[in-house]
Amino acid sequence: MNNNIDVLIIGAGPAGVAAGIGAKKEGAERVVVLERDWDLGGILQQCIHPGFGLRTFREELTGPEYMHRFIQQAHEAGVEFRTNTMVFQIDKDTNAVWTMNKERGIECLNPKSIVLTMGCRERPAGAIRIPGTRPAGIYTAGTAQRFVNMEGYMPGKRAVILGSGDIGLIMARRMIWEGAEVEGVYEVMSWPGGLRRNIAQCLDDYGIPFHLQTTVMKIHGADRLEGVTVAKVDDKMTPIKGTERYVPCDTLLLAIGLIPENELSRMAGIDIHPVTGGPVVNDLLQTSNPAVFAAGNVVIVYDLVDNVSDEGLIAGANAAKFAAGKISPNVKRIPVKGGENVRLYSPQFVTGEADTIIYMRVTHPIEQACKVIAEPGLYTQRLRYARPGEMNEVRIKAADIQAKPDLKEITVDIQPL
Amino acid sequence: MSEERKFICVSCPLGCGLNVTLENGEVVNVTGNTCPRGAAYAKTEVSDPRRVFASTVRVSGGKLPVCPIRSKTPAPKAKLKEIARAVAELNVKAPIKIGQVLIHNVCGTDVDIVASRDLN
């Protein structure tokens with residue numbers, strides 16, 4: 001079956017909407033974005049706080065405002081959207097995409113290229129195995145955010161937050177503004193997961209205590225959560241005897257990390273990177289399947305939506321080029337390696353076809369002047385510090401790659417000065 | 001009288017640690033900032049701290065039971081609780097347009113509360 005779709009994009013969050021714009025701008029005739037929700041915008045629909053788009057729009061917008069601008073651009077560019085449409089399968093060999101929608105039924109789409117923009121999910125409670133009972137009142141921070149900001153429900157009256165990812169910090173302030181109490185935020189690591197400004201404006205502003213190297217040891221309550229036991233941990237993350245404390249609460253919010261959502265990518269036989277949890281991509285954002293591109297949090301979890309949109313535009317444009325037969329199957333494939341203190345990075349291959357940014361995170365914080373580098377001699381930039389919660393980037397020029405025809409490998413690293 | 005204070009600038013995701021020197025309650029020196037916004041932030045933080053307020057209002061007849069709102073401009077920090085209460089009392093009829101003013105001059109702050117999405 002041929003549906004004359006040039007570029008098919010899966011997910012209408014920030015990456016997918018930008019990919020649609022990128023594909024149309026590159027000249028693709030028919031660009032379709034599929035979205036399982038009834039509305040466009042993805043997770044930014046529920047991120048109603050300001051802080052988005054400072055780089056892109058020179059002002060701080062709320063999530064819905066940021067998406068509103070991109071969705072308008074996409075409509076103007078002629079991107080087609082299909083909401084209430086779930087992709088349930090991508091066939092490995094044919095790249096056929098199977099969709100389900102209440103009115104249209106089951107359909108099989110055969111686009112010339114695909115962009116994966118499914119975003120990420122929150123790490124759930126099951127991932128950290130907290131001993132105790134399993135009462136109601138335990139939510140991931142994003143689920144609670146959806147309850148409060150889109151469905152009009154409050155998850156509880158007195159919350160404890162485990163993990164210091166940005167969503168947890170934002171939800172701490174949100175709970176306060178809705179009249180609830182937030183007993184504290186607990187982080188097992190010795191450094192915060194989220195941005196410092198969120199600790200300042202979401203916790204410090206409201207006097208919410210922030211406990212590093214402290215975690216929830218036990219959950220109490222039969223039907224409804226009644227409390228948690230918290231304890232300090234040592235450098236090996238082992239709880240320290242005698243530091244246990246019982247905290248009464250009816251709500252436990254988890255902000256313990258995000259995981260790229262790649263069930264479809266796996267089904268399509270696309271190589272998944274063991275550390276990022278996202279597709280292995282080159283700098284064209286092309287996956288191990290040359291007709292399939294990927295962008296945004298489905299590839300690597302970013303701090304800022306501006307980066308997600310940037311990557312969406314690139315993936316969409318390259319998917320359009322591929323659909324038009326303008327990407328050679330023989331592009332270079334120079335592997336990128338991470339240095340000692342680099343936990344993850346993306347893309348993992350560089351083609352030298354275009355200037356590119358490699359995004360990365362350190363494993364351990366460096367609280368002193370340091371430098372982010374790409375060897376051999378491709379990039380160096382001084383930094384005042386490097387922290388796991390704040391992504392770093394190296395910028396690589398296509399001309400520099402082309403000038404080194406014997407280049408076998410690029411190493412990215414962050415080192416103290 | 002000289003005083004040293006520390007702030008985290010919230011103007012952008014960098015979150016610079018600001019060291020602020022005050023003389024008789026006036027900012028005379030700011031270090032640690034990367035850009036001029038840091039110094040400006042320190043000055044307003046000392047004299048008139050403000051934050052953008054973002055919440056939801058109840059909606060009748062809409063596709064969602066609530067609609068996100070924001071203060072169009074930063075509101076006085078000390079008034080945020082009062083503003084939250086004023087916003088919580090509101091019930092707005094759909095359709096709502098993004099940017100639509102829902103409360104003019106909320107709590108006498110000269111700040112407007114506006115819808116931050118379209119909701120049919």
# chains A, B, ... in the order shown; residues from 1 in each chain; ligands from 1
call {"tool": "interface_residues", "arguments": {"of": "chain B", "to": "chain A", "cutoff": "10 Å", "atoms": "only C-alpha atoms", "output": "ChimeraX atom specification"}}
result
/B:7-17,51-59,63-71,77,80-85,88,98-99,115-118
call {"tool": "residues_around", "arguments": {"residues": "Gly352 in chain A", "least_positions_apart": "2", "cutoff": "7 Å", "atoms": "only C-alpha atoms", "output": "PyMOL selection string"}}
result
chain A and resi 350+354+398+401-402
call {"tool": "atom_distance", "arguments": {"atom1": "CA of Phe293 in chain A", "atom2": "CA of Val31 in chain A"}}
result
13.9 Å
call {"tool": "select_by_dssp", "arguments": {"residues": "range 142-369 of chain A", "states": "strand (DSSP E or B)", "output": "MDAnalysis selection string"}}
result
chainID A and resid 158:162 181:187 210:212 214:220 224 227:233 239 245:248 251:254 258:260 272 279 282 286 292:294 334:338 342:346 349:350 356:362 366
call {"tool": "residues_around", "arguments": {"residues": "range 207-214 of chain A", "least_positions_apart": "5", "cutoff": "6 Å", "atoms": "only C-alpha atoms", "output": "short mmCIF file (atom, residue, chain, number, x, y, z; two decimals) with C-alpha atoms, in the first residue's frame"}}
result
data_model
loop_
_atom_site.label_atom_id
_atom_site.label_comp_id
_atom_site.auth_asym_id
_atom_site.auth_seq_id
_atom_site.Cartn_x
_atom_site.Cartn_y
_atom_site.Cartn_z
CA GLY A 184 11.12 17.80 51.87
CA VAL A 185 13.01 16.63 48.80
CA TYR A 186 15.35 13.65 49.22
CA GLU A 187 18.21 12.85 46.83
CA VAL A 188 20.34 9.73 47.18
CA MET A 189 23.29 11.26 45.31
CA SER A 190 25.56 13.93 46.77
CA ALA A 231 17.74 7.67 56.10
CA LYS A 232 21.09 9.13 55.18
CA VAL A 233 23.36 7.05 52.93
#
call {"tool": "residues_around", "arguments": {"residues": "Gly11 in chain A", "least_positions_apart": "2", "cutoff": "7 Å", "atoms": "only C-alpha atoms", "output": "NGL selection string"}}
result
:A and (9 or 13 or 16 or 33-35 or 117-118)
call {"tool": "write_last_selection", "arguments": {"atoms": "C-alpha atoms", "output": "tab-separated table (two decimals), in the first residue's frame"}}
result
chain	number	residue	atom	x	y	z
A	9	ILE	CA	6.82	11.40	12.29
A	13	GLY	CA	5.73	16.71	21.20
A	16	GLY	CA	8.00	15.78	16.44
A	33	VAL	CA	2.83	13.62	12.33
A	34	LEU	CA	1.02	10.92	14.32
A	35	GLU	CA	-0.03	11.61	17.91
A	117	THR	CA	10.00	11.41	18.33
A	118	MET	CA	8.30	9.44	21.08
call {"tool": "select_by_dssp", "arguments": {"residues": "range 183-402 of chain A", "states": "helix (DSSP H, G or I)", "output": "JSON list (two decimals) with C-alpha atoms, in the first residue's frame"}}
result
[["chain", "number", "residue", "atom", "x", "y", "z"],
["A", 196, "ARG", "CA", 20.22, 24.98, 40.43],
["A", 197, "ARG", "CA", 17.74, 27.67, 39.54],
["A", 198, "ASN", "CA", 14.92, 25.23, 40.19],
["A", 199, "ILE", "CA", 16.33, 24.48, 43.63],
["A", 200, "ALA", "CA", 16.39, 28.24, 44.24],
["A", 201, "GLN", "CA", 12.99, 29.17, 42.84],
["A", 202, "CYS", "CA", 11.05, 25.99, 43.70],
["A", 203, "LEU", "CA", 12.52, 24.91, 47.04],
["A", 204, "ASP", "CA", 14.43, 27.80, 48.66],
["A", 205, "ASP", "CA", 11.68, 30.32, 47.86],
["A", 206, "TYR", "CA", 9.23, 28.27, 49.94],
["A", 263, "GLU", "CA", 9.40, 0.02, 22.37],
["A", 264, "LEU", "CA", 8.66, 0.86, 18.73],
["A", 265, "SER", "CA", 12.32, 1.41, 17.87],
["A", 266, "ARG", "CA", 13.19, -2.03, 19.27],
["A", 267, "MET", "CA", 10.33, -3.58, 17.35],
["A", 296, "GLY", "CA", 14.72, 14.60, 21.13],
["A", 297, "ASN", "CA", 14.28, 12.73, 24.38],
["A", 298, "VAL", "CA", 13.72, 9.44, 22.57],
["A", 305, "VAL", "CA", 13.38, 21.90, 25.14],
["A", 306, "ASP", "CA", 15.27, 24.31, 22.86],
["A", 307, "ASN", "CA", 17.77, 21.52, 22.20],
["A", 308, "VAL", "CA", 14.95, 19.04, 21.56],
["A", 309, "SER", "CA", 13.40, 21.38, 18.98],
["A", 310, "ASP", "CA", 16.80, 21.98, 17.34],
["A", 311, "GLU", "CA", 17.35, 18.26, 16.99],
["A", 312, "GLY", "CA", 13.80, 17.78, 15.69],
["A", 313, "LEU", "CA", 14.41, 20.34, 12.94],
["A", 314, "ILE", "CA", 17.63, 18.55, 11.93],
["A", 315, "ALA", "CA", 16.09, 15.07, 11.95],
["A", 316, "GLY", "CA", 13.07, 16.27, 9.96],
["A", 317, "ALA", "CA", 15.24, 17.99, 7.37],
["A", 318, "ASN", "CA", 17.47, 14.93, 6.96],
["A", 319, "ALA", "CA", 14.47, 12.59, 6.76],
["A", 320, "ALA", "CA", 13.17, 14.82, 3.93],
["A", 321, "LYS", "CA", 16.55, 14.62, 2.20],
["A", 322, "PHE", "CA", 16.52, 10.85, 2.56],
["A", 323, "ALA", "CA", 13.00, 10.66, 1.14],
["A", 398, "ALA", "CA", 32.05, 19.71, 8.95],
["A", 399, "ALA", "CA", 35.05, 21.43, 7.36],
["A", 400, "ASP", "CA", 37.30, 20.21, 10.19],
["A", 401, "ILE", "CA", 36.13, 16.63, 9.65],
["A", 402, "GLN", "CA", 36.59, 16.90, 5.88]]
call {"tool": "atom_distance", "arguments": {"atom1": "CA of Gln415 in chain A", "atom2": "CA of Gly377 in chain A"}}
result
14.6 Å
call {"tool": "atom_distance", "arguments": {"atom1": "CA of Ile161 in chain A", "atom2": "CA of Arg387 in chain A"}}
result
21.4 Å
call {"tool": "closest_residue", "arguments": {"among": "B:Val87, B:Ala75, B:Val46, B:Val92", "to": "Thr109 in chain B", "atoms": "only C-alpha atoms"}}
result
B:Ala75
call {"tool": "residues_around", "arguments": {"residues": "range 97-106 of chain A", "least_positions_apart": "3", "cutoff": "10 Å", "atoms": "only C-alpha atoms", "output": "ChimeraX atom specification"}}
result
/A:8,10,34,36,82-92,94,109-111,114,264,268
call {"tool": "residues_around", "arguments": {"residues": "Ile366 in chain A", "least_positions_apart": "4", "cutoff": "12 Å", "atoms": "only C-alpha atoms", "output": "ChimeraX atom specification"}}
result
/A:191,341-342,361-362,370-372,383-390,414-417
